Amino acid sequence: MSAVNDASQLAVNGGPKVRQQPWPGRALFGEEEKAAVVALFDEAIRTGSAFGYNGPQEEAYCREFAEYLGGGYADAVNSGSSAVYVALRSLKLEPFTEVICPAITDPGGIMPVAMLNCIPIVADVRPGSYNIGAEQIAACLSERTSAIIVAHIAGEPADMDPILELARSRGIPVIEDCAQAHGARYKGRPVGTLGDVGAFSTMSGKHHATAAQGGVVFTRNEATYWEARRCSDRGKPFGLEGVPSNVIAAPNMNLNDLSAAVGRVQLKKLDRIVARRRDVARAIHEGLKKRSRVVTPGWQPEGAEASYWFLRLHVDTSQITVSGDQFASAIGAEGIPVAPSYRAAFQARAKWLVEKRAFGSGHYPWSAPEYKGDPERQFPCPNAVSVLDTDFNIHIHESCGEQEIADILTAIEKVEQAYCK
Ligand SMILES: Cc1ncc(COP(=O)(O)O)c(C=O)c1O
């Protein structure tokens, strides 16, 4: 591709695309997953007994998942949202207390707070990151704070040391939302093992999956684990001696043996998936150093080993003639899978949270007399507004090869040459 300074050559303006062929699929599931599922059906047909939940496959998956994280306890549930709900609930938070939440996350990473009759308090991101920072958490703490949720967005670990130091100095538990960060590490330790409880989504878009939907709650604390089990399965008296009946009101959020059988095969692939994503990200970062003046890797804390659920890149918008969104959209038009902005994940602007709507027609739990904070509170989050204007996401994955890396770099270079000041 020869250099263009003329914006009319951009695909977004009708010019030829850098990449004509479709992006490769992930090929996440293969013959091994199929064989695992077929084996369960064969067994069910042979014995006449249906497979269920909390059975041998699910037990093995939970054990292997915990081993993957270096030991501890795992409870497989039916989604990442359920994992966040159960993780929070396992900490026995009092209703009407406040839970500090990330500004940029999936709805499922914050809605469970309100479902527990607690109040979500959205903390801004650290400047230049999609992730919550210690300073931003500190600005949200109150005597009502009962927990902090940290999400490792895009598979980039949040800067955990200052966050944990702050949380521990106040005796506040930390939930790590690792839905997007399977296999990511911070200062050599896997995310999900740093705080009090980790929550993972294992739906089929994630690094590794328990078939179509799923999630895992992980903790190193045995008492928290048993509470999580009770919270995810109708308050059954798991881990309690001599208690004949269900002990708390809770939903059924169990995973099942069929999904767990797929998850067991997938866990074996996880290291390879993460390693390949890191190689792809590294090659793009290195290519950008040589070929770009305005696009750089997004800031990450020291000691971060991201697992790149997607690749976040930063644009120096002071050096271009269009907005960051227009710049990224033009890269997308060249045939690259780009999300020009991650604004859809900006939970501080979500309708339900702005309007304070969780149950029925009123504003409960914000309106409850037991809640002593400001029920009208909104969350401006200027750092999030800024990073969502300047950063964009490329959907790299483990099946990306040298051609995909080259196409990404060529598309960025082409757009940059047309739009650079
Ligand atoms: C950060 C984060 N938290 C929670 C969730 C919810 O997971 P699930 O879709 O499995 O409910 C997601 C889903 O993508 C997520 O990205």
# chains A, B, ... in the order shown; residues from 1 in each chain; ligands from 1
>>> residues_near_ligand(ligand="ligand 1", cutoff="10 Å", atoms="only C-alpha atoms and all ligand atoms", output="mmCIF file with N, CA and C atoms, in the first residue's frame")
data_model
loop_
_atom_site.group_PDB
_atom_site.id
_atom_site.type_symbol
_atom_site.label_atom_id
_atom_site.label_comp_id
_atom_site.auth_asym_id
_atom_site.auth_seq_id
_atom_site.Cartn_x
_atom_site.Cartn_y
_atom_site.Cartn_z
ATOM 1 N N VAL A 77 -20.795 -20.821 38.010
ATOM 2 C CA VAL A 77 -22.167 -20.302 37.969
ATOM 3 C C VAL A 77 -22.585 -20.100 36.515
ATOM 4 N N ASN A 78 -23.793 -19.535 36.317
ATOM 5 C CA ASN A 78 -24.335 -19.552 34.951
ATOM 6 C C ASN A 78 -24.024 -18.323 34.106
ATOM 7 N N SER A 79 -23.329 -17.325 34.651
ATOM 8 C CA SER A 79 -22.894 -16.180 33.841
ATOM 9 C C SER A 79 -21.886 -15.360 34.634
ATOM 10 N N GLY A 80 -21.245 -14.434 33.933
ATOM 11 C CA GLY A 80 -20.335 -13.516 34.613
ATOM 12 C C GLY A 80 -21.097 -12.562 35.515
ATOM 13 N N SER A 81 -22.283 -12.155 35.088
ATOM 14 C CA SER A 81 -23.106 -11.270 35.918
ATOM 15 C C SER A 81 -23.459 -11.984 37.222
ATOM 16 N N SER A 82 -23.816 -13.273 37.093
ATOM 17 C CA SER A 82 -24.107 -14.058 38.299
ATOM 18 C C SER A 82 -22.865 -14.168 39.174
ATOM 19 N N ALA A 83 -21.707 -14.297 38.544
ATOM 20 C CA ALA A 83 -20.461 -14.418 39.321
ATOM 21 C C ALA A 83 -20.233 -13.146 40.147
ATOM 22 N N VAL A 84 -20.498 -11.984 39.544
ATOM 23 C CA VAL A 84 -20.331 -10.730 40.294
ATOM 24 C C VAL A 84 -21.360 -10.665 41.428
ATOM 25 N N TYR A 85 -22.593 -11.059 41.124
ATOM 26 C CA TYR A 85 -23.651 -11.070 42.148
ATOM 27 C C TYR A 85 -23.251 -11.971 43.321
ATOM 28 N N PRO A 102 -16.596 0.316 38.938
ATOM 29 C CA PRO A 102 -15.849 0.928 37.833
ATOM 30 C C PRO A 102 -16.774 1.739 36.919
ATOM 31 N N ILE A 104 -16.131 2.199 33.693
ATOM 32 C CA ILE A 104 -16.170 1.502 32.402
ATOM 33 C C ILE A 104 -16.193 0.015 32.683
ATOM 34 N N THR A 105 -17.317 -0.591 32.397
ATOM 35 C CA THR A 105 -17.465 -2.040 32.601
ATOM 36 C C THR A 105 -18.726 -2.499 31.886
ATOM 37 N N ASP A 106 -18.995 -3.775 31.938
ATOM 38 C CA ASP A 106 -20.238 -4.312 31.380
ATOM 39 C C ASP A 106 -21.370 -4.052 32.385
ATOM 40 N N PRO A 107 -22.606 -3.907 31.912
ATOM 41 C CA PRO A 107 -23.724 -3.747 32.857
ATOM 42 C C PRO A 107 -23.743 -4.847 33.925
ATOM 43 N N GLY A 108 -23.368 -6.063 33.504
ATOM 44 C CA GLY A 108 -23.361 -7.188 34.437
ATOM 45 C C GLY A 108 -22.308 -7.055 35.521
ATOM 46 N N GLY A 109 -21.400 -6.122 35.357
ATOM 47 C CA GLY A 109 -20.371 -5.904 36.367
ATOM 48 C C GLY A 109 -20.759 -4.879 37.413
ATOM 49 N N ILE A 110 -21.927 -4.281 37.276
ATOM 50 C CA ILE A 110 -22.343 -3.242 38.225
ATOM 51 C C ILE A 110 -23.792 -3.426 38.688
ATOM 52 N N MET A 111 -24.666 -3.924 37.796
ATOM 53 C CA MET A 111 -26.077 -4.082 38.177
ATOM 54 C C MET A 111 -26.288 -4.963 39.412
ATOM 55 N N PRO A 112 -25.466 -6.013 39.608
ATOM 56 C CA PRO A 112 -25.700 -6.848 40.792
ATOM 57 C C PRO A 112 -25.659 -6.066 42.102
ATOM 58 N N VAL A 150 -13.261 -3.952 41.302
ATOM 59 C CA VAL A 150 -12.232 -3.539 40.340
ATOM 60 C C VAL A 150 -12.389 -4.435 39.116
ATOM 61 N N ALA A 151 -12.582 -3.850 37.948
ATOM 62 C CA ALA A 151 -12.657 -4.663 36.721
ATOM 63 C C ALA A 151 -11.372 -4.483 35.927
ATOM 64 N N HIS A 152 -10.847 -5.570 35.412
ATOM 65 C CA HIS A 152 -9.633 -5.525 34.591
ATOM 66 C C HIS A 152 -10.087 -5.497 33.129
ATOM 67 N N ILE A 153 -10.405 -4.297 32.672
ATOM 68 C CA ILE A 153 -11.060 -4.174 31.368
ATOM 69 C C ILE A 153 -10.064 -4.405 30.227
ATOM 70 N N ALA A 154 -10.538 -5.057 29.192
ATOM 71 C CA ALA A 154 -9.746 -5.400 27.999
ATOM 72 C C ALA A 154 -8.680 -6.450 28.307
ATOM 73 N N GLY A 155 -8.718 -7.001 29.524
ATOM 74 C CA GLY A 155 -7.655 -7.929 29.924
ATOM 75 C C GLY A 155 -6.428 -7.203 30.421
ATOM 76 N N GLU A 176 -12.536 -8.613 42.384
ATOM 77 C CA GLU A 176 -11.927 -8.408 41.072
ATOM 78 C C GLU A 176 -12.851 -8.983 40.008
ATOM 79 N N ASP A 177 -13.296 -8.141 39.093
ATOM 80 C CA ASP A 177 -14.101 -8.613 37.974
ATOM 81 C C ASP A 177 -13.140 -8.935 36.827
ATOM 82 N N CYS A 178 -12.957 -10.233 36.618
ATOM 83 C CA CYS A 178 -11.973 -10.720 35.641
ATOM 84 C C CYS A 178 -12.665 -11.250 34.386
ATOM 85 N N ALA A 179 -13.898 -10.798 34.151
ATOM 86 C CA ALA A 179 -14.650 -11.300 32.988
ATOM 87 C C ALA A 179 -13.840 -11.190 31.708
ATOM 88 N N GLN A 180 -13.064 -10.100 31.583
ATOM 89 C CA GLN A 180 -12.327 -9.839 30.339
ATOM 90 C C GLN A 180 -10.838 -10.160 30.487
ATOM 91 N N ALA A 181 -10.466 -10.806 31.585
ATOM 92 C CA ALA A 181 -9.030 -10.850 31.906
ATOM 93 C C ALA A 181 -8.516 -12.235 32.285
ATOM 94 N N ALA A 199 -14.369 -12.705 40.095
ATOM 95 C CA ALA A 199 -15.558 -13.099 39.326
ATOM 96 C C ALA A 199 -15.168 -13.152 37.858
ATOM 97 N N PHE A 200 -15.479 -14.271 37.213
ATOM 98 C CA PHE A 200 -15.130 -14.476 35.807
ATOM 99 C C PHE A 200 -16.397 -14.741 34.998
ATOM 100 N N SER A 201 -16.410 -14.252 33.763
ATOM 101 C CA SER A 201 -17.443 -14.655 32.804
ATOM 102 C C SER A 201 -16.810 -15.689 31.889
ATOM 103 N N THR A 202 -17.547 -16.756 31.607
ATOM 104 C CA THR A 202 -17.025 -17.758 30.674
ATOM 105 C C THR A 202 -17.998 -17.950 29.514
ATOM 106 N N MET A 203 -18.662 -16.854 29.115
ATOM 107 C CA MET A 203 -19.510 -16.952 27.919
ATOM 108 C C MET A 203 -18.599 -17.074 26.692
ATOM 109 N N SER A 204 -19.195 -17.421 25.565
ATOM 110 C CA SER A 204 -18.371 -17.874 24.433
ATOM 111 C C SER A 204 -17.555 -16.778 23.758
ATOM 112 N N GLY A 205 -17.716 -15.528 24.186
ATOM 113 C CA GLY A 205 -16.852 -14.480 23.646
ATOM 114 C C GLY A 205 -15.576 -14.313 24.448
ATOM 115 N N LYS A 206 -15.468 -15.002 25.576
ATOM 116 C CA LYS A 206 -14.340 -14.772 26.471
ATOM 117 C C LYS A 206 -13.137 -15.665 26.092
ATOM 118 N N ALA A 209 -14.240 -20.627 27.520
ATOM 119 C CA ALA A 209 -15.695 -20.608 27.689
ATOM 120 C C ALA A 209 -16.225 -21.950 28.192
ATOM 121 N N ALA A 212 -21.882 -21.811 25.868
ATOM 122 C CA ALA A 212 -22.430 -20.516 25.453
ATOM 123 C C ALA A 212 -22.392 -19.454 26.553
ATOM 124 N N GLN A 213 -22.681 -19.842 27.776
ATOM 125 C CA GLN A 213 -22.735 -18.909 28.897
ATOM 126 C C GLN A 213 -22.072 -19.553 30.098
ATOM 127 N N GLY A 214 -21.709 -18.751 31.050
ATOM 128 C CA GLY A 214 -21.167 -19.298 32.287
ATOM 129 C C GLY A 214 -20.340 -18.266 33.027
ATOM 130 N N GLY A 215 -19.925 -18.648 34.211
ATOM 131 C CA GLY A 215 -19.095 -17.765 35.022
ATOM 132 C C GLY A 215 -18.484 -18.558 36.161
ATOM 133 N N VAL A 216 -17.500 -17.962 36.820
ATOM 134 C CA VAL A 216 -16.858 -18.628 37.951
ATOM 135 C C VAL A 216 -16.593 -17.609 39.046
ATOM 136 N N TRP A 309 -8.275 -9.033 25.928
ATOM 137 C CA TRP A 309 -9.601 -9.436 25.415
ATOM 138 C C TRP A 309 -9.874 -8.663 24.130
ATOM 139 N N ALA A 345 -19.787 1.005 27.154
ATOM 140 C CA ALA A 345 -19.482 0.415 28.465
ATOM 141 C C ALA A 345 -19.365 1.467 29.564
#
>>> select_by_dssp(residues="region 16-153 of chain A", states="helix (DSSP H, G or I)", output="number ranges by chain")
A: 31-47, 56-68, 80-90, 107-109, 111-115, 134-138, 153
>>> select_by_dssp(residues="region 108-349 of chain A", states="strand (DSSP E)", output="ChimeraX atom specification")
/A:119-123,145-151,174-177,185-186,189-190,197-201,215-219,295-297,304-305,311-315,338-339
>>> atom_distance(atom1="CA of Glu31 (chain A)", atom2="CA of Ile45 (chain A)")
20.5 Å
>>> closest_residue(among="A:Asp6, A:Glu398, A:Asp161, A:Glu43", to="Asp271 (chain A)", atoms="only C-alpha atoms")
A:Glu398
>>> closest_residue(among="A:Glu135, A:Glu227, A:Asp279, A:Glu98", to="Cys400 (chain A)", atoms="only C-alpha atoms")
A:Asp279
>>> closest_residue(among="A:Glu305, A:Asp42, A:Glu156, A:Glu58", to="Ala261 (chain A)", atoms="only C-alpha atoms")
A:Glu58
>>> closest_residue(among="A:Pro382, A:Gly263, A:Gly303, A:Gly192", to="Arg63 (chain A)", atoms="only C-alpha atoms")
A:Gly263
>>> closest_residue(among="A:Leu10, A:Ile119, A:Val18, A:Ala304", to="Ser367 (chain A)", atoms="only C-alpha atoms")
A:Ile119
>>> closest_residue(among="A:Glu33, A:Glu404, A:Glu67, A:Asp75", to="Ile284 (chain A)", atoms="only C-alpha atoms")
A:Glu404
>>> atom_distance(atom1="CA of Gly360 (chain A)", atom2="CA of Pro380 (chain A)")
26.3 Å
>>> residues_around(residues="Arg189 (chain A)", least_positions_apart="3", cutoff="12 Å", atoms="only C-alpha atoms", output="PyMOL selection string")
chain A and resi 68-70+157+160-161+183-186+192-195+303-306
>>> residues_around(residues="Leu166 (chain A)", least_positions_apart="5", cutoff="12 Å", atoms="only C-alpha atoms", output="mmCIF file with N, CA and C atoms, in the first residue's frame")
data_model
loop_
_atom_site.group_PDB
_atom_site.id
_atom_site.type_symbol
_atom_site.label_atom_id
_atom_site.label_comp_id
_atom_site.auth_asym_id
_atom_site.auth_seq_id
_atom_site.Cartn_x
_atom_site.Cartn_y
_atom_site.Cartn_z
ATOM 1 N N GLY A 133 -8.873 3.580 39.433
ATOM 2 C CA GLY A 133 -7.592 3.804 40.094
ATOM 3 C C GLY A 133 -7.787 4.083 41.578
ATOM 4 N N ALA A 134 -6.711 3.923 42.351
ATOM 5 C CA ALA A 134 -6.801 4.091 43.812
ATOM 6 C C ALA A 134 -7.246 5.506 44.193
ATOM 7 N N GLU A 135 -6.684 6.500 43.501
ATOM 8 C CA GLU A 135 -7.040 7.894 43.830
ATOM 9 C C GLU A 135 -8.531 8.146 43.587
ATOM 10 N N GLN A 136 -9.026 7.564 42.517
ATOM 11 C CA GLN A 136 -10.430 7.753 42.149
ATOM 12 C C GLN A 136 -11.336 6.993 43.132
ATOM 13 N N ILE A 137 -10.862 5.861 43.619
ATOM 14 C CA ILE A 137 -11.627 5.125 44.639
ATOM 15 C C ILE A 137 -11.643 5.932 45.935
ATOM 16 N N ALA A 138 -10.471 6.474 46.297
ATOM 17 C CA ALA A 138 -10.370 7.222 47.556
ATOM 18 C C ALA A 138 -11.384 8.366 47.582
ATOM 19 N N ALA A 139 -11.588 8.995 46.414
ATOM 20 C CA ALA A 139 -12.514 10.139 46.338
ATOM 21 C C ALA A 139 -13.968 9.708 46.561
ATOM 22 N N CYS A 140 -14.237 8.420 46.480
ATOM 23 C CA CYS A 140 -15.623 7.913 46.613
ATOM 24 C C CYS A 140 -15.889 7.241 47.951
ATOM 25 N N LEU A 141 -14.852 7.054 48.757
ATOM 26 C CA LEU A 141 -15.051 6.319 50.019
ATOM 27 C C LEU A 141 -15.930 7.107 50.981
ATOM 28 N N ALA A 147 -17.760 -2.330 49.967
ATOM 29 C CA ALA A 147 -16.943 -3.153 49.053
ATOM 30 C C ALA A 147 -16.492 -2.304 47.876
ATOM 31 N N ILE A 148 -15.471 -2.814 47.194
ATOM 32 C CA ILE A 148 -14.949 -2.145 45.993
ATOM 33 C C ILE A 148 -14.883 -3.196 44.890
ATOM 34 N N ASP A 159 -4.158 -1.250 38.370
ATOM 35 C CA ASP A 159 -2.973 -1.088 39.227
ATOM 36 C C ASP A 159 -3.378 -1.476 40.652
ATOM 37 N N MET A 160 -3.194 -2.762 40.980
ATOM 38 C CA MET A 160 -3.798 -3.328 42.190
ATOM 39 C C MET A 160 -3.109 -2.931 43.496
ATOM 40 N N ASP A 161 -1.794 -2.739 43.485
ATOM 41 C CA ASP A 161 -1.115 -2.498 44.770
ATOM 42 C C ASP A 161 -1.698 -1.307 45.522
ATOM 43 N N GLY A 171 -10.195 -1.755 55.756
ATOM 44 C CA GLY A 171 -10.909 -3.017 56.018
ATOM 45 C C GLY A 171 -12.052 -3.269 55.042
ATOM 46 N N ILE A 172 -11.890 -2.801 53.806
ATOM 47 C CA ILE A 172 -12.968 -2.954 52.810
ATOM 48 C C ILE A 172 -12.580 -4.059 51.826
ATOM 49 N N PRO A 173 -13.453 -5.043 51.609
ATOM 50 C CA PRO A 173 -13.112 -6.121 50.670
ATOM 51 C C PRO A 173 -13.103 -5.659 49.215
ATOM 52 N N VAL A 174 -12.286 -6.340 48.410
ATOM 53 C CA VAL A 174 -12.159 -6.018 46.983
ATOM 54 C C VAL A 174 -12.602 -7.222 46.158
ATOM 55 N N GLY A 195 -7.475 -9.773 45.105
ATOM 56 C CA GLY A 195 -8.474 -9.243 46.038
ATOM 57 C C GLY A 195 -9.081 -10.360 46.873
#
